[in-house]
>>> print(open('run.cif').read())   # mmCIF, C-alpha atoms and all ligand atoms
data_work
loop_
_atom_site.label_atom_id
_atom_site.label_comp_id
_atom_site.auth_asym_id
_atom_site.auth_seq_id
_atom_site.Cartn_x
_atom_site.Cartn_y
_atom_site.Cartn_z
CA MET A 635 -8.78 -28.06 -4.41
CA ARG A 636 -10.62 -24.90 -3.31
CA ARG A 637 -13.86 -23.77 -4.89
CA CYS A 638 -15.55 -20.40 -5.47
CA THR A 639 -19.29 -20.78 -4.96
CA GLU A 640 -20.01 -17.43 -6.68
CA CYS A 641 -18.18 -18.20 -9.94
CA ALA A 642 -18.65 -21.98 -9.75
CA VAL A 643 -14.99 -22.61 -10.56
CA ARG A 644 -12.31 -24.71 -8.92
CA ILE A 645 -9.05 -22.97 -8.11
CA GLU A 646 -5.62 -24.55 -7.86
CA GLY A 647 -3.02 -23.05 -5.57
CA ASN A 648 -2.99 -21.52 -2.13
CA TRP A 649 -5.57 -18.73 -2.66
CA SER A 650 -7.65 -17.48 0.26
CA ARG A 651 -9.97 -15.42 -1.98
CA CYS A 652 -11.27 -16.00 -5.49
CA PRO A 653 -8.93 -14.34 -8.05
CA LEU A 654 -11.98 -13.60 -10.25
CA CYS A 655 -14.56 -12.12 -7.87
CA GLY A 656 -12.72 -11.77 -4.56
CA SER A 657 -15.19 -13.79 -2.47
CA HIS A 658 -14.09 -16.38 0.10
CA LEU A 659 -13.24 -19.86 -1.15
CA VAL A 660 -14.42 -23.15 0.32
CA GLY A 661 -12.55 -26.45 0.50
CA HIS A 662 -8.93 -27.32 1.12
CA PRO A 663 -6.07 -25.58 -0.75
CA SER A 664 -4.07 -27.64 -3.25
CA PRO A 665 -0.40 -27.08 -4.06
CA ASP A 666 0.22 -24.25 -6.52
CA PRO A 667 0.82 -25.66 -10.04
CA LEU A 668 3.10 -22.75 -10.97
CA PRO A 669 6.50 -22.02 -9.42
CA SER A 670 6.59 -18.77 -7.44
CA VAL A 671 8.21 -16.01 -9.48
CA PRO A 672 10.93 -14.08 -7.63
CA LEU A 673 11.23 -10.28 -7.96
CA ARG A 674 13.08 -9.52 -11.16
CA PHE A 675 15.44 -6.76 -10.20
CA SER A 676 18.96 -6.40 -8.98
CA ARG A 677 19.05 -5.04 -5.46
CA ARG A 678 22.74 -4.29 -5.88
CA ARG A 679 22.16 -2.22 -9.02
CA LEU A 680 19.43 -0.21 -7.32
CA LEU A 681 21.63 0.50 -4.29
CA ARG A 682 24.56 1.45 -6.53
CA ILE A 683 22.52 3.99 -8.53
CA LEU A 684 21.09 5.48 -5.34
CA THR A 685 24.54 5.71 -3.72
CA VAL A 686 25.99 7.54 -6.73
CA ILE A 687 23.08 10.03 -6.85
CA SER A 688 23.27 10.62 -3.07
CA LEU A 689 27.02 11.25 -3.17
CA VAL A 690 26.63 13.68 -6.08
CA LEU A 691 23.85 15.60 -4.28
CA VAL A 692 25.78 15.80 -0.99
CA ALA A 693 28.99 16.82 -2.82
CA LEU A 694 27.07 19.53 -4.71
CA SER A 695 25.63 20.82 -1.44
CA PHE A 696 29.19 21.16 -0.07
CA VAL A 697 30.31 22.96 -3.24
CA VAL A 698 27.43 25.43 -2.84
CA GLN A 699 28.37 25.89 0.83
CA LEU A 700 31.96 26.72 -0.15
CA TRP A 701 30.61 29.16 -2.70
CA LEU A 702 28.41 30.73 0.00
CA GLY A 703 31.41 30.83 2.36
CA HIS A 704 30.89 34.46 3.28
CA ARG A 705 27.19 34.00 4.04
CA PRO A 706 26.89 31.11 6.53
CA SER A 707 23.28 32.13 7.29
CA GLU A 708 22.30 30.57 3.96
CA PHE A 709 23.74 27.16 4.90
CA GLY A 710 20.48 25.89 6.38
CA ALA A 711 18.74 26.01 3.02
CA VAL A 712 21.58 24.12 1.30
CA ARG A 713 21.59 21.47 4.01
CA SER A 714 17.92 20.72 3.47
CA VAL A 715 19.19 18.92 0.33
CA TRP A 716 20.26 16.17 2.75
CA LEU A 717 16.62 15.75 3.76
CA GLY A 718 15.94 14.99 0.10
CA VAL A 719 18.70 12.37 0.01
CA CYS A 720 17.21 10.75 3.14
CA THR A 721 13.75 10.77 1.51
CA MET A 722 15.13 9.05 -1.59
CA TRP A 723 16.69 6.29 0.52
CA LEU A 724 13.57 5.84 2.64
CA VAL A 725 11.40 5.44 -0.47
CA ALA A 726 13.88 2.89 -1.90
CA LEU A 727 14.13 0.96 1.37
CA MET A 728 10.33 0.83 1.63
CA ALA A 729 10.27 -0.57 -1.91
CA LEU A 730 12.82 -3.25 -0.98
CA ARG A 731 10.79 -4.33 2.06
CA GLY A 732 7.52 -4.73 0.20
CA ARG A 733 6.51 -2.99 -2.96
CA ARG A 734 2.78 -3.68 -2.69
CA ASP A 735 1.85 -0.36 -1.18
CA LEU A 736 4.76 1.77 -2.29
CA ALA A 737 2.64 4.67 -3.55
CA ARG A 738 0.67 4.94 -0.32
CA SER A 739 3.69 4.58 1.98
CA THR A 740 5.66 7.18 -0.03
CA LEU A 741 2.79 9.64 0.32
CA THR A 742 2.46 8.96 4.07
CA LEU A 743 6.20 9.43 4.56
CA LEU A 744 6.22 12.74 2.67
CA VAL A 745 3.18 14.15 4.47
CA LEU A 746 4.69 13.26 7.87
CA ALA A 747 8.12 14.69 6.99
CA ALA A 748 6.54 17.88 5.57
CA LEU A 749 4.47 18.39 8.74
CA VAL A 750 7.53 17.85 10.98
CA CYS A 751 9.60 20.35 8.93
CA THR A 752 6.82 22.95 8.85
CA TYR A 753 6.30 22.70 12.62
CA TRP A 754 10.07 22.92 13.23
CA ASP A 755 10.23 25.98 10.95
CA TYR A 756 7.28 27.52 12.84
CA LEU A 757 9.01 26.91 16.19
CA THR A 758 12.26 28.49 15.02
CA GLY A 759 10.84 31.79 13.81
CA TRP A 760 8.97 30.87 10.58
CA HIS A 761 11.66 31.69 8.02
CA ARG A 762 9.70 29.51 5.55
CA TRP A 763 12.66 27.24 4.77
CA SER A 764 10.31 24.28 5.14
CA LEU A 765 7.96 25.33 2.33
CA THR A 766 10.68 26.97 0.21
CA PHE A 767 13.33 24.25 0.39
CA ALA A 768 12.52 21.16 2.44
CA VAL A 769 9.16 20.15 0.94
CA PRO A 770 10.04 20.77 -2.76
CA ILE A 771 13.41 19.00 -2.32
CA MET A 772 11.75 16.01 -0.63
CA CYS A 773 9.08 15.84 -3.36
CA GLY A 774 11.76 16.09 -6.07
CA CYS A 775 13.89 13.34 -4.53
CA ALA A 776 10.84 11.10 -4.07
CA ILE A 777 10.14 11.58 -7.81
CA ILE A 778 13.77 10.63 -8.64
CA ALA A 779 13.51 7.54 -6.41
CA LEU A 780 10.23 6.49 -8.08
CA VAL A 781 11.73 6.90 -11.57
CA ILE A 782 14.72 4.72 -10.59
CA LEU A 783 12.46 2.10 -8.98
CA GLU A 784 10.25 2.05 -12.08
CA HIS A 785 13.30 1.43 -14.17
CA VAL A 786 15.04 -1.16 -12.04
CA MET A 787 11.96 -3.09 -10.90
CA ARG A 788 10.05 -3.15 -14.21
CA LEU A 789 6.63 -2.43 -12.72
CA GLU A 790 3.41 -3.85 -14.12
CA VAL A 791 1.52 -1.74 -16.66
CA GLY A 792 -1.32 -1.18 -14.15
CA GLU A 793 1.12 0.30 -11.65
CA HIS A 794 2.22 2.90 -14.23
CA ALA A 795 -1.08 4.76 -13.78
CA LEU A 796 -0.67 4.84 -10.00
CA TYR A 797 2.89 6.14 -10.25
CA SER A 798 1.92 8.78 -12.80
CA ALA A 799 -0.80 9.99 -10.43
CA LEU A 800 1.66 10.11 -7.52
CA THR A 801 4.19 12.03 -9.66
CA VAL A 802 1.53 14.56 -10.67
CA LEU A 803 0.60 15.02 -7.00
CA LEU A 804 4.26 15.50 -5.97
CA GLY A 805 4.65 18.06 -8.76
CA ILE A 806 1.45 19.96 -7.88
CA VAL A 807 2.26 20.59 -4.19
CA PRO A 808 5.27 22.89 -4.90
CA ILE A 809 3.30 24.71 -7.65
CA LEU A 810 0.61 25.42 -5.04
CA PHE A 811 3.19 26.84 -2.61
CA LEU A 812 4.56 28.96 -5.43
CA LEU A 813 1.13 30.29 -6.52
CA LEU A 814 0.08 31.02 -2.93
CA GLY A 815 3.27 33.04 -2.43
CA TRP A 816 4.39 30.91 0.54
CA VAL A 817 7.99 30.56 -0.67
CA THR A 818 10.89 32.99 -0.36
CA THR A 819 12.62 31.84 -3.57
CA PRO A 820 10.91 29.98 -6.43
CA VAL A 821 13.95 27.94 -7.60
CA PRO A 822 13.46 24.68 -5.58
CA SER A 823 9.72 24.54 -6.39
CA ALA A 824 10.46 25.16 -10.07
CA ILE A 825 13.08 22.37 -10.14
CA CYS A 826 10.61 19.98 -8.53
CA VAL A 827 7.94 20.83 -11.12
CA VAL A 828 10.44 20.28 -13.95
CA LEU A 829 11.43 16.91 -12.42
CA ALA A 830 7.75 15.89 -12.24
CA LEU A 831 7.20 16.83 -15.91
CA LEU A 832 10.36 14.99 -17.04
CA SER A 833 9.41 11.89 -15.08
CA LEU A 834 5.88 11.92 -16.54
CA ALA A 835 7.30 12.23 -20.05
CA LEU A 836 9.64 9.29 -19.33
CA LEU A 837 6.73 7.19 -17.98
CA GLN A 838 4.67 7.86 -21.09
CA LEU A 839 7.60 7.01 -23.38
CA GLU A 840 8.18 3.72 -21.55
CA ARG A 841 4.52 2.84 -21.65
CA ALA A 842 4.41 3.59 -25.38
CA ALA A 843 7.34 1.19 -25.83
CA ASP A 844 5.52 -1.51 -23.80
CA VAL A 845 2.37 -1.09 -25.89
CA ARG A 846 4.45 -1.33 -29.09
CA ASP A 847 6.09 -4.55 -27.85
CA GLU A 848 2.68 -6.05 -27.06
CA LEU A 849 1.34 -5.10 -30.51
CA ALA A 850 4.42 -6.55 -32.19
CA LYS A 851 3.90 -9.81 -30.29
CA LYS A 852 0.20 -9.96 -31.19
CA LEU A 853 0.80 -9.20 -34.87
CA HIS A 854 3.87 -11.49 -35.06
CA VAL A 855 6.00 -8.67 -36.43
ZN ZN B 1 -15.31 -16.12 -7.64
#
>>> encode(input="run.cif", output="structure tokens", more="lines below")
Ligand SMILES: [Zn+2]
Amino acid sequence: MRRCTECAVRIEGNWSRCPLCGSHLVGHPSPDPLPSVPLRFSRRRLLRILTVISLVLVALSFVVQLWLGHRPSEFGAVRSVWLGVCTMWLVALMALRGRRDLARSTLTLLVLAALVCTYWDYLTGWHRWSLTFAVPIMCGCAIIALVILEHVMRLEVGEHALYSALTVLLGIVPILFLLLGWVTTPVPSAICVVLALLSLALLQLERAADVRDELAKKLHV
């Protein structure tokens, strides 16, 4: 069995660091007394929900294109919706690979994609489609993906705070673009802000339900 010299406790299981203080353990590891708990979520359900949402978004973008039939110059903006669908899938696939660092990898992905779009926009004459459409749509779809993941994966209570912070950040970026006057039409930014607010409200409601369940358990109600 391994031992933590700082806490003077013996630790069962295959730990490399002390679960109490984080310092290195000495001695040989012993077999874990508890069975390993598999992830409690249905991969199939997650993929089904994402597929339905993606199909609806892509279908809507085609409907809008039909509606804009006489103004093909506006198509580019509508097609940036597909970037959002790709973002949603990337966030979900990252979550399926390893959900430890989901918040950080989502943020990295979005910053990289936003920089690529902005540079591309700059190269092609700076029509500001990147800041007006691409970035708010990607932020909005990342928020949708996070809400679905929250729901399907049943995250720990501690992770709620991290996801709320990330949602606030994703909602603030489009507001900034809007306030700085960097966008040509405010609609996508506004939708993203509304999505962020709705998702925060949902997070708080869920957390309130969790807290109520805990209280009920403690008080044997
Ligand atoms: Zn320790």
>>> residues_around(input="run.cif", residues="Thr766 (chain A)", least_positions_apart="3", cutoff="7 Å", atoms="only C-alpha atoms", output="PyMOL selection string")
chain A and resi 762-763+770+817-819+822
>>> atom_distance(input="run.cif", atom1="CA of Asp755 (chain A)", atom2="CA of Leu813 (chain A)")
20.2 Å
>>> residues_around(input="run.cif", residues="region 722-736 of chain A", least_positions_apart="3", cutoff="10 Å", atoms="all atoms listed in the file", output="ChimeraX atom specification")
/A:677,680-681,684-685,687-688,716-719,739-744,772-780,782-783,787,789,793,796-797
>>> residues_near_ligand(input="run.cif", ligand="ligand ZN 1 (chain B)", cutoff="7 Å", atoms="all atoms listed in the file", output="PyMOL selection string")
chain A and resi 638-641+652-657
>>> atom_distance(input="run.cif", atom1="CA of Ala824 (chain A)", atom2="CA of Ala843 (chain A)")
28.9 Å
>>> atom_distance(input="run.cif", atom1="CA of Ala693 (chain A)", atom2="CA of Val828 (chain A)")
21.9 Å
>>> closest_residue(input="run.cif", among="A:Ala737, A:Cys751, A:Val781, A:Val745", to="Val807 (chain A)", atoms="only C-alpha atoms")
A:Val745
